[in-house]
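A short write-up of the structure that comes next.
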Amino acid sequence: MSLTSHGHPVPPEILGPLNESRFSPGAASSLRDRMEEDGYLLLRGLLNRDEVLRARREIFERLAEVGEVSTEHPVEEGVATGTSQRADLVSDLSQFWQQVSELPSLRRVTHSGPMIEFFETFLGGPVRPFDFLWLRTMAPGKASGFHYDHVYMNRGTDHLFSCWTPLGDVKREEGTLLVMEGSHHFQDLISKYRGVDVDRDSSVNGTITLDPVAMAQERGVRLLSGDFQAGDILILDMFCLHGSLDNNSSQGKIRLSCDTRYQLASEPIDDRWIGANPEGHGGGYGGLSAAQPLTAPPIFR
């Protein structure tokens with residue numbers, strides 16, 4: 001099956017693999033060097049696979065309750081029904097999505113155990129993850145726009161990292177993350193977007209492009225991706241330009257993943273994303289595209 005991003009075929013000659021890194025307690029310095037060089041770190045099997053799959057199942061059980069995940073297949077497969085009763089059955093979409101995003105099984109994956117152990121080693125001290133969690137349910141036919149994370153969360157420390165966690169095994173054709181090679185060195189773009197705050201600068205859209213193929217070809221770089229398994233994570237610099245491939249699942253599966261953010265506890269933090277009820281971009285979890293019914297059009301902020 002050909003790979004596409006926002007409907008644009010990705011030519012094989014510009015598609016490349018992500019470099020893999022290995023974590024060990026003594027590898028922090030080399031991993032920091034690799035982050036500086038590549039703008040990302042791909043760590044295979046860092047998380048407990050069974051815990052990741054448990055979170056996946058419980059999330060899809062909630063989506064099955066609102067008619068978005070088929071019960072004619074094993075729920076954990078995440079086969080989309082193509083319909084939704086969420087707006088009819090749920091009185092508060094924001095509260096519903098916050099409850100799903102705060103499932104203990106999911107938080108065990110993202111806010112404890114190997115994830116925290118890694119970041120404390122990598123950052124060199126006690127870490128403070130954002131309380132807000134970006135849970136992504138990418139239905140067939142959808143993809144993420146290309147963006148720098150910086151514009152969404154820059155009111156605290158600059159020493160902040162994103163982590164993309166696939167909640168299950170995901171093949172490239174099912175919509176894996178797509179990284180633009182060397183984009184953390186695109187100084188023309190970085191200087192344009194550094195300091196931009198999408199909540200304060202309403203005239204600026206954080207989505208830089210929905211045609212990453214044309215952009216990569218213009219800049220003479222590759223688009224990097226790969227197949228992922230439950231337990232893998234991909235860590236990104238705030239200025240690593242990324243989006244995703246289209247979810248072209250032949251089985252109609254939802255691509256389930258989450259984004260989380262980590263920093264040293266001793267450094268300033270963006271208070272939009274912390275606390276029992278983070279305000280986020282306004283409206284808390286209701287500001288996320290995923291808080292809307294699965295059949296709703298995506299929001300590119």
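Chain labels run A, B, ... following the order of the structure tokens; each chain numbers its residues from 1, and ligands are numbered from 1 in the order shown.
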Spatial neighbours of A:Asp259, 8 Å, only C-alpha atoms, chain gap at least 5 places, as a VMD selection string: chain A and resid 133 to 136 162 to 165
How would the residues just picked look written out with C-alpha atoms as a compact mmCIF listing (two decimals), in the first residue's frame?
```txt
# COMPACT_ATOMS: atom_id res chain seq x y z
CA LEU A 133 -2.26 14.50 28.29
CA TRP A 134 -2.94 14.70 24.57
CA LEU A 135 -4.72 11.45 23.71
CA ARG A 136 -5.03 10.97 19.94
CA SER A 162 7.53 15.84 23.91
CA CYS A 163 6.98 12.10 23.92
CA TRP A 164 4.82 10.32 21.34
CA THR A 165 3.64 6.94 22.61
```
Can you check which parts of stretch 134-212 of chain A lie within 8 Å of stretch 230-244 of chain A? Per residue, the shortest pair of atoms and distance in Å to one decimal, counting only C-alpha atoms, sorted by chain and number, as JSON lines.
```
{"residue": "A:Ala143", "atom": "CA", "partner": "A:Ser244", "partner_atom": "CA", "distance": 5.6}
{"residue": "A:Ser144", "atom": "CA", "partner": "A:Gly243", "partner_atom": "CA", "distance": 4.9}
{"residue": "A:Gly145", "atom": "CA", "partner": "A:Gly243", "partner_atom": "CA", "distance": 5.0}
{"residue": "A:Phe146", "atom": "CA", "partner": "A:Gly243", "partner_atom": "CA", "distance": 4.2}
{"residue": "A:His147", "atom": "CA", "partner": "A:Leu241", "partner_atom": "CA", "distance": 5.4}
{"residue": "A:Tyr148", "atom": "CA", "partner": "A:Leu241", "partner_atom": "CA", "distance": 5.1}
{"residue": "A:Asp149", "atom": "CA", "partner": "A:Met238", "partner_atom": "CA", "distance": 5.1}
{"residue": "A:His150", "atom": "CA", "partner": "A:Met238", "partner_atom": "CA", "distance": 5.0}
{"residue": "A:Leu160", "atom": "CA", "partner": "A:Met238", "partner_atom": "CA", "distance": 6.9}
{"residue": "A:Phe161", "atom": "CA", "partner": "A:Asp237", "partner_atom": "CA", "distance": 5.5}
{"residue": "A:Ser162", "atom": "CA", "partner": "A:Leu236", "partner_atom": "CA", "distance": 5.1}
{"residue": "A:Cys163", "atom": "CA", "partner": "A:Ile235", "partner_atom": "CA", "distance": 4.4}
{"residue": "A:Trp164", "atom": "CA", "partner": "A:Leu234", "partner_atom": "CA", "distance": 5.1}
{"residue": "A:Thr165", "atom": "CA", "partner": "A:Ile233", "partner_atom": "CA", "distance": 4.9}
{"residue": "A:Pro166", "atom": "CA", "partner": "A:Ala230", "partner_atom": "CA", "distance": 6.2}
{"residue": "A:Leu167", "atom": "CA", "partner": "A:Ala230", "partner_atom": "CA", "distance": 5.8}
{"residue": "A:Gly168", "atom": "CA", "partner": "A:Ala230", "partner_atom": "CA", "distance": 4.4}
{"residue": "A:Asp169", "atom": "CA", "partner": "A:Ala230", "partner_atom": "CA", "distance": 5.2}
{"residue": "A:Gly175", "atom": "CA", "partner": "A:Ser244", "partner_atom": "CA", "distance": 5.9}
{"residue": "A:Thr176", "atom": "CA", "partner": "A:Ser244", "partner_atom": "CA", "distance": 5.7}
{"residue": "A:Leu177", "atom": "CA", "partner": "A:Ser244", "partner_atom": "CA", "distance": 4.2}
{"residue": "A:Leu178", "atom": "CA", "partner": "A:Ser244", "partner_atom": "CA", "distance": 4.6}
{"residue": "A:Val179", "atom": "CA", "partner": "A:His242", "partner_atom": "CA", "distance": 4.5}
{"residue": "A:Met180", "atom": "CA", "partner": "A:Leu241", "partner_atom": "CA", "distance": 5.7}
{"residue": "A:Gly182", "atom": "CA", "partner": "A:Cys240", "partner_atom": "CA", "distance": 7.8}
{"residue": "A:Ser183", "atom": "CA", "partner": "A:Leu241", "partner_atom": "CA", "distance": 5.5}
{"residue": "A:His184", "atom": "CA", "partner": "A:Cys240", "partner_atom": "CA", "distance": 4.8}
{"residue": "A:Ile190", "atom": "CA", "partner": "A:Phe239", "partner_atom": "CA", "distance": 7.0}
```
Those residues with N, CA and C atoms, as a compact mmCIF listing (two decimals), in the first residue's frame please?
```txt
# COMPACT_ATOMS: atom_id res chain seq x y z
N ALA A 143 -5.03 12.50 9.48
CA ALA A 143 -3.61 12.66 9.77
C ALA A 143 -3.41 13.93 10.57
N SER A 144 -2.24 14.04 11.20
CA SER A 144 -1.88 15.26 11.94
C SER A 144 -1.14 16.22 11.02
N GLY A 145 -1.42 17.52 11.16
CA GLY A 145 -0.69 18.53 10.41
C GLY A 145 0.72 18.69 10.94
N PHE A 146 1.59 19.27 10.12
CA PHE A 146 3.00 19.43 10.51
C PHE A 146 3.18 20.72 11.31
N HIS A 147 3.88 20.58 12.43
CA HIS A 147 4.00 21.70 13.36
C HIS A 147 5.23 21.54 14.24
N TYR A 148 5.61 22.65 14.87
CA TYR A 148 6.56 22.66 15.97
C TYR A 148 5.76 22.72 17.26
N ASP A 149 6.08 21.89 18.24
CA ASP A 149 5.34 21.90 19.51
C ASP A 149 5.52 23.20 20.29
N HIS A 150 6.63 23.88 20.05
CA HIS A 150 6.98 25.08 20.82
C HIS A 150 5.84 26.09 20.92
N LEU A 160 12.23 21.53 27.43
CA LEU A 160 11.01 20.74 27.50
C LEU A 160 11.01 19.76 26.34
N PHE A 161 10.51 18.55 26.59
CA PHE A 161 10.50 17.53 25.54
C PHE A 161 9.13 16.88 25.43
N SER A 162 8.77 16.56 24.19
CA SER A 162 7.53 15.84 23.91
C SER A 162 7.83 14.36 23.77
N CYS A 163 6.85 13.54 24.11
CA CYS A 163 6.98 12.10 23.92
C CYS A 163 5.72 11.58 23.23
N TRP A 164 5.91 10.96 22.07
CA TRP A 164 4.82 10.32 21.34
C TRP A 164 4.85 8.83 21.66
N THR A 165 3.74 8.34 22.21
CA THR A 165 3.64 6.94 22.61
C THR A 165 2.54 6.25 21.83
N PRO A 166 2.88 5.32 20.94
CA PRO A 166 1.84 4.55 20.27
C PRO A 166 1.23 3.57 21.27
N LEU A 167 -0.08 3.60 21.37
CA LEU A 167 -0.77 2.71 22.31
C LEU A 167 -1.24 1.47 21.56
N GLY A 168 -0.25 0.67 21.17
CA GLY A 168 -0.50 -0.52 20.38
C GLY A 168 0.52 -0.62 19.26
N ASP A 169 0.47 -1.70 18.52
CA ASP A 169 1.34 -1.87 17.35
C ASP A 169 0.75 -1.06 16.20
N GLY A 175 -0.80 5.29 9.94
CA GLY A 175 -0.70 6.68 10.38
C GLY A 175 0.33 6.97 11.44
N THR A 176 1.53 6.40 11.32
CA THR A 176 2.57 6.67 12.31
C THR A 176 3.09 8.10 12.19
N LEU A 177 3.80 8.52 13.23
CA LEU A 177 4.37 9.86 13.23
C LEU A 177 5.39 9.99 12.09
N LEU A 178 5.47 11.19 11.55
CA LEU A 178 6.36 11.48 10.43
C LEU A 178 7.20 12.70 10.81
N VAL A 179 8.52 12.54 10.78
CA VAL A 179 9.44 13.60 11.18
C VAL A 179 10.14 14.15 9.95
N MET A 180 10.25 15.48 9.87
CA MET A 180 10.99 16.08 8.77
C MET A 180 12.46 16.17 9.17
N GLY A 182 16.13 16.86 9.95
CA GLY A 182 16.93 18.08 10.14
C GLY A 182 16.14 19.34 10.40
N SER A 183 14.85 19.21 10.67
CA SER A 183 14.00 20.40 10.81
C SER A 183 14.30 21.21 12.06
N HIS A 184 14.99 20.62 13.03
CA HIS A 184 15.38 21.39 14.22
C HIS A 184 16.54 22.34 13.92
N ILE A 190 12.42 28.41 12.41
CA ILE A 190 12.53 28.51 13.87
C ILE A 190 12.47 29.96 14.31
```
Name the residues of stretch 26-177 of chain A that fall into strand (DSSP E) according to DSSP on the backbone, using the chain letters and numbers of this document, as a PyMOL selection string. chain A and resi 40-43+127-129+134-138+146-147+161-166+177
With C-alpha atoms retained, could you export that selection as a PDB file, in the first residue's frame?
```pdb
ATOM      1  CA  TYR A  40      14.468  13.181  18.267  1.00  0.00           C
ATOM      2  CA  LEU A  41      15.115   9.884  20.046  1.00  0.00           C
ATOM      3  CA  LEU A  42      13.459   6.605  19.097  1.00  0.00           C
ATOM      4  CA  LEU A  43      13.582   4.099  21.955  1.00  0.00           C
ATOM      5  CA  VAL A 127      11.089  15.525  36.456  1.00  0.00           C
ATOM      6  CA  ARG A 128       7.696  17.190  36.252  1.00  0.00           C
ATOM      7  CA  PRO A 129       5.433  15.864  33.504  1.00  0.00           C
ATOM      8  CA  TRP A 134      -2.941  14.697  24.566  1.00  0.00           C
ATOM      9  CA  LEU A 135      -4.720  11.452  23.705  1.00  0.00           C
ATOM     10  CA  ARG A 136      -5.027  10.971  19.937  1.00  0.00           C
ATOM     11  CA  THR A 137      -7.628   8.838  18.178  1.00  0.00           C
ATOM     12  CA  MET A 138      -6.771   8.990  14.492  1.00  0.00           C
ATOM     13  CA  PHE A 146       2.998  19.433  10.510  1.00  0.00           C
ATOM     14  CA  HIS A 147       3.995  21.696  13.364  1.00  0.00           C
ATOM     15  CA  PHE A 161      10.495  17.529  25.543  1.00  0.00           C
ATOM     16  CA  SER A 162       7.530  15.836  23.910  1.00  0.00           C
ATOM     17  CA  CYS A 163       6.981  12.098  23.916  1.00  0.00           C
ATOM     18  CA  TRP A 164       4.819  10.318  21.340  1.00  0.00           C
ATOM     19  CA  THR A 165       3.644   6.941  22.614  1.00  0.00           C
ATOM     20  CA  PRO A 166       1.839   4.546  20.271  1.00  0.00           C
ATOM     21  CA  LEU A 177       4.373   9.861  13.230  1.00  0.00           C
TER      22      LEU A 177
END
```
Would you mind listing, for every residue of stretch 33-63 of chain A within 9 Å of stretch 89-113 of chain A, the two atoms forming the shortest contact and the distance between them in Å to one decimal, using only C-alpha atoms, sorted by chain and ascending residue number, as a tab-separated table?
```
residue	atom	partner	partner_atom	distance
A:Leu47	CA	A:Val109	CA	7.2
A:Asn48	CA	A:Val109	CA	7.8
A:Glu51	CA	A:Val109	CA	6.5
A:Val52	CA	A:Val109	CA	6.3
A:Arg54	CA	A:Ser105	CA	6.6
A:Ala55	CA	A:Leu106	CA	4.9
A:Arg56	CA	A:Leu106	CA	7.9
A:Glu58	CA	A:Ser105	CA	7.7
A:Ile59	CA	A:Val100	CA	6.4
A:Arg62	CA	A:Val100	CA	7.3
```
Just-selected residues, C-alpha atoms written as a short mmCIF file (atom, residue, chain, number, x, y, z; two decimals), in the first residue's frame:
```
data_model
loop_
_atom_site.label_atom_id
_atom_site.label_comp_id
_atom_site.auth_asym_id
_atom_site.auth_seq_id
_atom_site.Cartn_x
_atom_site.Cartn_y
_atom_site.Cartn_z
CA LEU A 47 7.75 0.69 28.26
CA ASN A 48 5.97 -2.36 29.61
CA GLU A 51 0.63 -2.07 30.50
CA VAL A 52 0.43 -0.22 27.18
CA ARG A 54 -4.11 -2.64 28.95
CA ALA A 55 -4.48 1.11 28.54
CA ARG A 56 -5.35 0.62 24.88
CA GLU A 58 -9.65 0.36 28.39
CA ILE A 59 -9.66 3.43 26.15
CA ARG A 62 -14.92 3.74 26.52
#
```
Test item: residues at most 9 Å from A:His281, only C-alpha atoms, excluding those fewer than 3 positions along its chain, as an MDAnalysis selection string: chainID A and resid 152 198:199 272:273 284:285 287:288
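Checking A:Gly282, A:Gly252, A:Pro298, A:Pro12 one by one against A:Glu77, counting only C-alpha atoms, you find the shortest gap at A:Gly252.
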Residue list (alpha helix (DSSP H), DSSP) for stretch 15-166 of chain A, as a PyMOL selection string: chain A and resi 28-38+49-65+86-89+93-101+104-110+113-123
Write the residues you've just listed into a file as an mmCIF file, in the first residue's frame, and include C-alpha atoms for each of them.
```
data_model
loop_
_atom_site.group_PDB
_atom_site.id
_atom_site.type_symbol
_atom_site.label_atom_id
_atom_site.label_comp_id
_atom_site.auth_asym_id
_atom_site.auth_seq_id
_atom_site.Cartn_x
_atom_site.Cartn_y
_atom_site.Cartn_z
ATOM 1 C CA ALA A 28 22.400 9.949 29.248
ATOM 2 C CA SER A 29 25.232 12.001 27.774
ATOM 3 C CA SER A 30 25.254 10.130 24.466
ATOM 4 C CA LEU A 31 21.459 10.376 24.247
ATOM 5 C CA ARG A 32 21.620 14.130 24.784
ATOM 6 C CA ASP A 33 24.180 14.312 21.987
ATOM 7 C CA ARG A 34 21.908 12.261 19.733
ATOM 8 C CA MET A 35 18.975 14.551 20.516
ATOM 9 C CA GLU A 36 21.103 17.541 19.573
ATOM 10 C CA GLU A 37 22.117 15.842 16.334
ATOM 11 C CA ASP A 38 18.765 14.385 15.215
ATOM 12 C CA ARG A 49 4.085 -3.772 26.631
ATOM 13 C CA ASP A 50 1.337 -5.360 28.722
ATOM 14 C CA GLU A 51 0.634 -2.071 30.503
ATOM 15 C CA VAL A 52 0.430 -0.219 27.183
ATOM 16 C CA LEU A 53 -2.006 -2.784 25.789
ATOM 17 C CA ARG A 54 -4.110 -2.644 28.953
ATOM 18 C CA ALA A 55 -4.479 1.114 28.542
ATOM 19 C CA ARG A 56 -5.351 0.622 24.878
ATOM 20 C CA ARG A 57 -8.113 -1.833 25.700
ATOM 21 C CA GLU A 58 -9.655 0.361 28.393
ATOM 22 C CA ILE A 59 -9.663 3.429 26.148
ATOM 23 C CA PHE A 60 -11.336 1.537 23.323
ATOM 24 C CA GLU A 61 -13.892 0.154 25.763
ATOM 25 C CA ARG A 62 -14.921 3.736 26.521
ATOM 26 C CA LEU A 63 -15.170 4.523 22.815
ATOM 27 C CA ALA A 64 -17.216 1.385 22.236
ATOM 28 C CA GLU A 65 -19.700 2.665 24.830
ATOM 29 C CA ARG A 86 -20.881 10.428 21.666
ATOM 30 C CA ALA A 87 -22.719 13.727 21.270
ATOM 31 C CA ASP A 88 -26.023 12.024 22.104
ATOM 32 C CA LEU A 89 -24.841 9.956 25.064
ATOM 33 C CA LEU A 93 -17.640 16.217 25.885
ATOM 34 C CA SER A 94 -14.743 17.892 27.678
ATOM 35 C CA GLN A 95 -15.378 16.029 30.920
ATOM 36 C CA PHE A 96 -15.768 12.739 29.064
ATOM 37 C CA TRP A 97 -12.421 13.148 27.338
ATOM 38 C CA GLN A 98 -10.706 14.198 30.540
ATOM 39 C CA GLN A 99 -12.000 11.050 32.232
ATOM 40 C CA VAL A 100 -10.682 8.892 29.394
ATOM 41 C CA SER A 101 -7.348 10.736 29.432
ATOM 42 C CA PRO A 104 -5.232 5.003 35.788
ATOM 43 C CA SER A 105 -4.046 2.391 33.286
ATOM 44 C CA LEU A 106 -2.968 5.145 30.888
ATOM 45 C CA ARG A 107 -1.340 7.286 33.566
ATOM 46 C CA ARG A 108 0.698 4.294 34.733
ATOM 47 C CA VAL A 109 2.235 4.223 31.270
ATOM 48 C CA THR A 110 2.877 7.948 30.934
ATOM 49 C CA GLY A 113 7.640 3.575 35.878
ATOM 50 C CA PRO A 114 10.069 3.354 32.948
ATOM 51 C CA MET A 115 8.894 6.633 31.404
ATOM 52 C CA ILE A 116 9.785 8.696 34.459
ATOM 53 C CA GLU A 117 12.953 6.693 35.090
ATOM 54 C CA PHE A 118 14.119 7.496 31.571
ATOM 55 C CA PHE A 119 13.424 11.219 31.753
ATOM 56 C CA GLU A 120 15.043 11.596 35.178
ATOM 57 C CA THR A 121 18.187 10.011 33.763
ATOM 58 C CA PHE A 122 18.026 11.933 30.480
ATOM 59 C CA LEU A 123 17.350 15.312 32.114
#
```
Once you count only C-alpha atoms, what closest atom pair and distance in Å to one decimal does each residue of stretch 200-250 of chain A within 9 Å of stretch 15-21 of chain A have, with rows by chain and rising residue number, as a tab-separated table?
```
residue	atom	partner	partner_atom	distance
A:Arg222	CA	A:Leu15	CA	5.6
A:Leu223	CA	A:Leu15	CA	5.0
A:Leu224	CA	A:Gly16	CA	4.7
A:Ser225	CA	A:Pro17	CA	5.4
A:Gly226	CA	A:Pro17	CA	5.9
```
Requested write-out: N, CA and C atoms of the selected residues, as a short mmCIF file (atom, residue, chain, number, x, y, z; two decimals), in the first residue's frame:
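Produced file part27.cif, reproduced below:
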```
data_model
loop_
_atom_site.label_atom_id
_atom_site.label_comp_id
_atom_site.auth_asym_id
_atom_site.auth_seq_id
_atom_site.Cartn_x
_atom_site.Cartn_y
_atom_site.Cartn_z
N ARG A 222 14.55 14.34 3.84
CA ARG A 222 13.65 13.18 3.84
C ARG A 222 12.58 13.32 4.91
N LEU A 223 11.56 12.50 4.75
CA LEU A 223 10.53 12.33 5.77
C LEU A 223 10.78 10.99 6.44
N LEU A 224 10.88 11.00 7.76
CA LEU A 224 11.31 9.82 8.51
C LEU A 224 10.16 9.21 9.29
N SER A 225 10.04 7.89 9.21
CA SER A 225 9.01 7.19 9.96
C SER A 225 9.40 5.72 10.08
N GLY A 226 8.46 4.92 10.52
CA GLY A 226 8.70 3.48 10.66
C GLY A 226 7.50 2.82 11.30
#
```
Please list as a VMD selection string every residue within 10 Å of A:Pro268, counting only C-alpha atoms and excluding residues in the same chain fewer than 5 positions away. chain A and resid 155 to 159 263
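Among the candidates A:Arg261, A:Lys192, A:Arg255, A:Arg172, the one nearest to A:Pro140 when counting only C-alpha atoms is A:Arg255.
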